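Visitor: The structure is given below, and queries will be raised subsequently.
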There are 2 protein chains.
Amino acid sequence: MCQPWTVTQPPVCVLGLGLIGGSLLRAAHTAGREAFGYNRSPAGARAAGAEGFDASTDLSAVLTRAAGSNALIVLAVPMPALPALLARVAEHAPDNPLTDVVSVKVAVRDAVADAGLLPGYVGGHPMTGTAHSGWDAGDAGLFRGTPWVVTVDEHVNATVWHQVMTLALDCGAFVVPARSDEHDAAAAAISHLPHLVAETLAQIAAEVPLAFALAAGSFRDGTRVAATAPGLVRAMCEANAGELTVLLDRAIELLGRARAGLATSGSVAELVEPGHAARVSYDNFSRPDILTVRVGAPDWRSELAAAGRAGGVIRSALPAPDSRR
Amino acid sequence: MCQPWTVTQPPVCVLGLGLIGGSLLRAAHTAGREAFGYNRSPAGARAAGAEGFDASTDLSAVLTRAAGSNALIVLAVPMPALPALLARVAEHAPDNPLTDVVSVKVAVRDAVADAGLLPGYVGGHPMTGTAHSGWDAGDAGLFRGTPWVVTVDEHVNATVWHQVMTLALDCGAFVVPARSDEHDAAAAAISHLPHLVAETLAQIAAEVPLAFALAAGSFRDGTRVAATAPGLVRAMCEANAGELTVLLDRAIELLGRARAGLATSGSVAELVEPGHAARVSYDNFSRPDILTVRVGAPDWRSELAAAGRAGGVIRSALPAPDSRR
């Protein structure tokens with residue numbers, strides 16, 4: 001990279017080497033980045049070490065090393081484990097740039113603020129995964145061609161934002177800039193509600209004789225995510241309760257209206273016509289490149305939020321904050 | 001086939017050469033069966049004829065030919081077109097064996113009974129399809145390895161049942177025996193409700209800024225069937241209103257409880273745990289072969305219904321009614 005905005009990228013310190021964190025350690029390493037990690041379970045750390053990755057179970061040592069090299073720290077543990085981990089980060093590496101890969105953003109930001117770490121924090125959410133978990137399920141290619149949300153809340157620092165964007169691009173993802181609250185509402189619509197609906201469909205089919213015997217494509221597709229470990233589904237849904245409650249109400253309202261239409265006029269047109277139109281507009285949804293916003297310029301956060309809302313994505317690095325030196 | 005229960009199979013007369021009927025004409029032909037068809041639109045009939053198939057737009061002539069050869073008549077038109085077609089069948093070929101490929105079974109059986117054709121009728125439902133329609137979308141391999149429901153209601157005649165079973169097997173499907181009412185309840189659970197839920201998810205996502213921008217696998221899978229033509233979704237849901245209303249109520253109840261759990265205790269465990277268990281039991285659902293029931297023997301209908309309910313399928317022809325001559 002010999003472009004004018006090239007800046008030296010910091011080492012990457014991944015805390016938690018499960019499916020996402022483990023894939024991130026591999027992907028950063030593959031991209032030529034200095035990357036090291038911490039894992040609570042010795043088995044995961046050993047497995048990573050045996051494959052030549054730099055992994056340890058000594059959190060204090062890992063954080064001290066991160067502080068010494070001003071590494072970009074990535075929080076890659078489930079939401080319930082976050083407060084305890086943040087306390088350790090605050091103790092050993094309070095001034096490091098900090099991001100995360102958790103699937104909700106407001107709750108994480110609140111926890112980061114509670115730990116006094118907000119100034120160096122930019123939220124992240126790679127929108128990818130598999131039905132499996134743990135280090136062994138990881139894959140350096142997991143992020144390739146998938147959206148990675150990087151938050152543009154009012155507090156975010158341009159230098160850290162550029163580092164997080166670069167990490168996502170290094171891993172092969174494209175970046176969707178978004179405000180934390182808008183991310184959470186959208187995630188409720190396209191992930192958390194679909195998960196609860198899949199659980200509902202699976203449970204109802206189990207109650208109807210012959211249903212499993214006849215189940216084919218539409219049922220398999222519609223309930224695929226119900227195979228996800230219940231603990232993961234609960235963690236993401238429950239951490240986004242506010243947004244999810246609003247959408248559950250809306251789903252109940254739409255299904256109730258369809259039920260009433262069926263019972264009174266024998267028609268489900270009121271649900272089916274707009275539902276089909278919505279799916280068609282999703283199929284036609286375009287993702288233009290965001291090319292012109294300079295990170296750190298006046299109004300850069302709100303410009304990026306607007307561009308992301310319109311479908312815009314970052315596929316190659318935007319100019320860095322110091323690119324007009 | 002030199003087995004003791006080999007019986008000569010009648011010609012197949014397909015009324016309606018859309019996706020399913022057109023695929024059926026091709027598949028029966030490929031299996032070596034004499035097969036001919038009727039299509040209302042000249043374009044479809046011409047296209048079939050140009051590919052070497054025996055297709056006509058003259059319904060009276062086709063039905064007269066069917067009557068003369070005692071062909072197995074297959075109703076392959078949408079539900080709304082059925083009563084008028086049945087009146088013509090009653091006029092020209094009232095004593096022929098008769099089946100159908102429509103996605104609901106009680107409503108078709110009622111329409112057949114209204115036309116005075118119940119004695120020769122056995123319901124059928126190939127559980128397959130694509131997002132496309134019309135003759136050109138058809139494919140002789142469409143039924144391969146997919147379930148084909150053949151109804152075992154109290155009225156069904158053993159000889160006709162065996163003919164319909166053989167047609168399904170000739171097309172490469174496996175047969176699931178089921179009562180019409182149980183079929184409709186199961187179809188509501190594994191097809192009609194999933195369609196309405198997909199429409200709901202698509203519509204809600206369209207209402208939330210940023211949702212399409214973040215949508216990935218779980219949303220794509222969960223809304224895939226919302227891309228189906230609205231007319232087809234309406235036709236199948238509205239023809240099964242009774243069963244579907246019951247399951248809509250159940251879905252609303254389960255989602256409402258999840259909403260209450262989230263609002264009061266911050267937990268969605270009550271929905272997620274049984275939903276996950278149901279999906280796992282579906283993944284482990286086995287399909288044993290039905291081998292021992294002799295069509296036409298005492299209690300054969302209820303034995304087949306019980307076997308189908310337990311997951312049993314017919315992969316090779318059961319003994320014919322006259323196999324113990």
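Identifiers in this document derive from the order of the structure tokens: chains are assigned A, B, ..., residues are numbered from 1 separately in each chain, and ligands are numbered from 1 in order of occurrence.
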What are the closest atom pairs, with distances in Å to one decimal, for each residue of chain B lying within 6 Å of chain A, using only C-alpha atoms, rows by chain and rising residue number, as JSON lines?
Guide:
{"residue": "B:Ala186", "atom": "CA", "partner": "A:Ala211", "partner_atom": "CA", "distance": 4.3}
{"residue": "B:Ala189", "atom": "CA", "partner": "A:Ala205", "partner_atom": "CA", "distance": 5.3}
{"residue": "B:Ile190", "atom": "CA", "partner": "A:Phe219", "partner_atom": "CA", "distance": 5.2}
{"residue": "B:Glu199", "atom": "CA", "partner": "A:Gly275", "partner_atom": "CA", "distance": 4.1}
{"residue": "B:Ala202", "atom": "CA", "partner": "A:Gly275", "partner_atom": "CA", "distance": 5.4}
{"residue": "B:Gln203", "atom": "CA", "partner": "A:Gly275", "partner_atom": "CA", "distance": 4.7}
{"residue": "B:Ala205", "atom": "CA", "partner": "A:Ala189", "partner_atom": "CA", "distance": 5.3}
{"residue": "B:Ala206", "atom": "CA", "partner": "A:Ala278", "partner_atom": "CA", "distance": 5.8}
{"residue": "B:Leu210", "atom": "CA", "partner": "A:Arg309", "partner_atom": "CA", "distance": 4.7}
{"residue": "B:Ala211", "atom": "CA", "partner": "A:Ala186", "partner_atom": "CA", "distance": 4.3}
{"residue": "B:Ala213", "atom": "CA", "partner": "A:Gly311", "partner_atom": "CA", "distance": 5.1}
{"residue": "B:Ala215", "atom": "CA", "partner": "A:Ile190", "partner_atom": "CA", "distance": 5.6}
{"residue": "B:Phe219", "atom": "CA", "partner": "A:Ile190", "partner_atom": "CA", "distance": 5.2}
{"residue": "B:Asp221", "atom": "CA", "partner": "A:Asp221", "partner_atom": "CA", "distance": 5.3}
{"residue": "B:Gly222", "atom": "CA", "partner": "A:Gly222", "partner_atom": "CA", "distance": 4.7}
{"residue": "B:Ala226", "atom": "CA", "partner": "A:His276", "partner_atom": "CA", "distance": 5.2}
{"residue": "B:Ala227", "atom": "CA", "partner": "A:His276", "partner_atom": "CA", "distance": 5.7}
{"residue": "B:Pro230", "atom": "CA", "partner": "A:Val272", "partner_atom": "CA", "distance": 6.0}
{"residue": "B:Glu238", "atom": "CA", "partner": "A:Gly266", "partner_atom": "CA", "distance": 5.9}
{"residue": "B:Thr245", "atom": "CA", "partner": "A:Arg259", "partner_atom": "CA", "distance": 5.9}
{"residue": "B:Ile252", "atom": "CA", "partner": "A:Ile252", "partner_atom": "CA", "distance": 5.6}
{"residue": "B:Arg259", "atom": "CA", "partner": "A:Thr245", "partner_atom": "CA", "distance": 5.9}
{"residue": "B:Gly266", "atom": "CA", "partner": "A:Glu238", "partner_atom": "CA", "distance": 5.9}
{"residue": "B:Val272", "atom": "CA", "partner": "A:Glu199", "partner_atom": "CA", "distance": 5.9}
{"residue": "B:Gly275", "atom": "CA", "partner": "A:Glu199", "partner_atom": "CA", "distance": 4.1}
{"residue": "B:His276", "atom": "CA", "partner": "A:Ala226", "partner_atom": "CA", "distance": 5.2}
{"residue": "B:Ala278", "atom": "CA", "partner": "A:Gln203", "partner_atom": "CA", "distance": 5.4}
{"residue": "B:Arg279", "atom": "CA", "partner": "A:Ala202", "partner_atom": "CA", "distance": 5.5}
{"residue": "B:Arg309", "atom": "CA", "partner": "A:Leu210", "partner_atom": "CA", "distance": 4.7}
{"residue": "B:Gly311", "atom": "CA", "partner": "A:Ala213", "partner_atom": "CA", "distance": 5.1}
Visitor: List every residue of region 61-192 of chain B that DSSP, applied to the backbone of this structure, assigns to strand (DSSP E), and report them as a list in words.
Guide: Leu72, Ile73, Val74, Leu75, Leu98, Thr99, Asp100, Gly124, His125, Pro126, Pro147, Trp148, Val149, Val150, Thr151, Phe174, Val175, Val176, Pro177 and Ala178 of chain B
Visitor: Would you pick out the contacts of Gly16 (chain A) at 6 Å or less, using only C-alpha atoms, so that residues sharing its chain but fewer than 6 positions from it are not included, and give the list as a tab-separated table (two decimals) with N, CA and C atoms, in the first residue's frame?
Guide:
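Final output, result.tsv:
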chain	number	residue	atom	x	y	z
A	38	TYR	N	-5.86	-13.70	23.74
A	38	TYR	CA	-6.09	-14.30	25.06
A	38	TYR	C	-7.32	-15.20	24.96
A	39	ASN	N	-7.25	-16.35	25.61
A	39	ASN	CA	-8.43	-17.20	25.72
A	39	ASN	C	-8.52	-17.74	27.13
A	76	ALA	N	-13.92	-9.98	22.23
A	76	ALA	CA	-14.59	-11.03	21.46
A	76	ALA	C	-15.14	-12.10	22.39
A	77	VAL	N	-15.81	-11.64	23.45
A	77	VAL	CA	-16.46	-12.56	24.39
A	77	VAL	C	-17.96	-12.26	24.37
Visitor: Rounded to one decimal, what separation in Å do you get between CA of Asp289 (chain B) and CA of Leu318 (chain B)?
Guide: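 A separation of 10.6 Å between them.
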Visitor: What is the distance between CA of Ala107 (chain A) and CA of Val175 (chain A), in Å to one decimal?
Guide: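 CA of Val175 (chain A) lies 20.8 Å from CA of Ala107 (chain A).
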Visitor: Pick out the residues sitting within 10 Å of Glu34 (chain B), and hand them over as a PyMOL selection string; count only C-alpha atoms, and ignore anything fewer than 5 positions along from it in its own chain.
Guide: chain B and resi 9-13+25+28-29+54+71
Visitor: Would you save the residues from that selection as a CSV table (one decimal), in the first residue's frame, using N, CA and C atoms?
Guide:
chain,number,residue,atom,x,y,z
B,9,GLN,N,-50.2,-50.3,-16.1
B,9,GLN,CA,-50.6,-49.0,-15.6
B,9,GLN,C,-51.3,-48.3,-16.8
B,10,PRO,N,-52.3,-47.5,-16.4
B,10,PRO,CA,-53.1,-46.8,-17.4
B,10,PRO,C,-52.3,-45.6,-18.0
B,11,PRO,N,-52.8,-45.1,-19.1
B,11,PRO,CA,-52.2,-43.8,-19.6
B,11,PRO,C,-52.4,-42.7,-18.6
B,12,VAL,N,-51.6,-41.6,-18.7
B,12,VAL,CA,-51.8,-40.5,-17.8
B,12,VAL,C,-52.3,-39.3,-18.5
B,13,CYS,N,-53.3,-38.7,-18.1
B,13,CYS,CA,-53.9,-37.5,-18.7
B,13,CYS,C,-53.8,-36.3,-17.8
B,25,LEU,N,-46.1,-34.3,-16.9
B,25,LEU,CA,-46.2,-34.9,-18.2
B,25,LEU,C,-44.8,-35.4,-18.7
B,28,ALA,N,-43.7,-38.5,-16.5
B,28,ALA,CA,-44.4,-39.7,-16.8
B,28,ALA,C,-43.9,-40.3,-18.2
B,29,HIS,N,-43.7,-39.4,-19.1
B,29,HIS,CA,-43.2,-39.8,-20.4
B,29,HIS,C,-41.8,-40.4,-20.3
B,54,ASP,N,-47.4,-34.7,-26.2
B,54,ASP,CA,-48.8,-34.9,-26.7
B,54,ASP,C,-49.7,-33.9,-26.0
B,71,ALA,N,-57.8,-43.6,-18.8
B,71,ALA,CA,-56.5,-42.9,-18.3
B,71,ALA,C,-56.7,-42.4,-16.9
Visitor: Just the number, please: distance in Å from CA of Ala55 (chain A) to CA of Val89 (chain A), one decimal.
Guide: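 These two atoms are separated by 16.9 Å.
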Visitor: Would you return as a count of residues only the members of region 77-226 of chain B that DSSP assigns to helix (DSSP H, G or I) on this structure's backbone?
Guide: 84
Visitor: Just checking: using only C-alpha atoms, which residue out of B:Val152, B:Ala93, B:Leu72, B:Leu86 ends up closest to Val106 (chain B)?
Guide: B:Val152
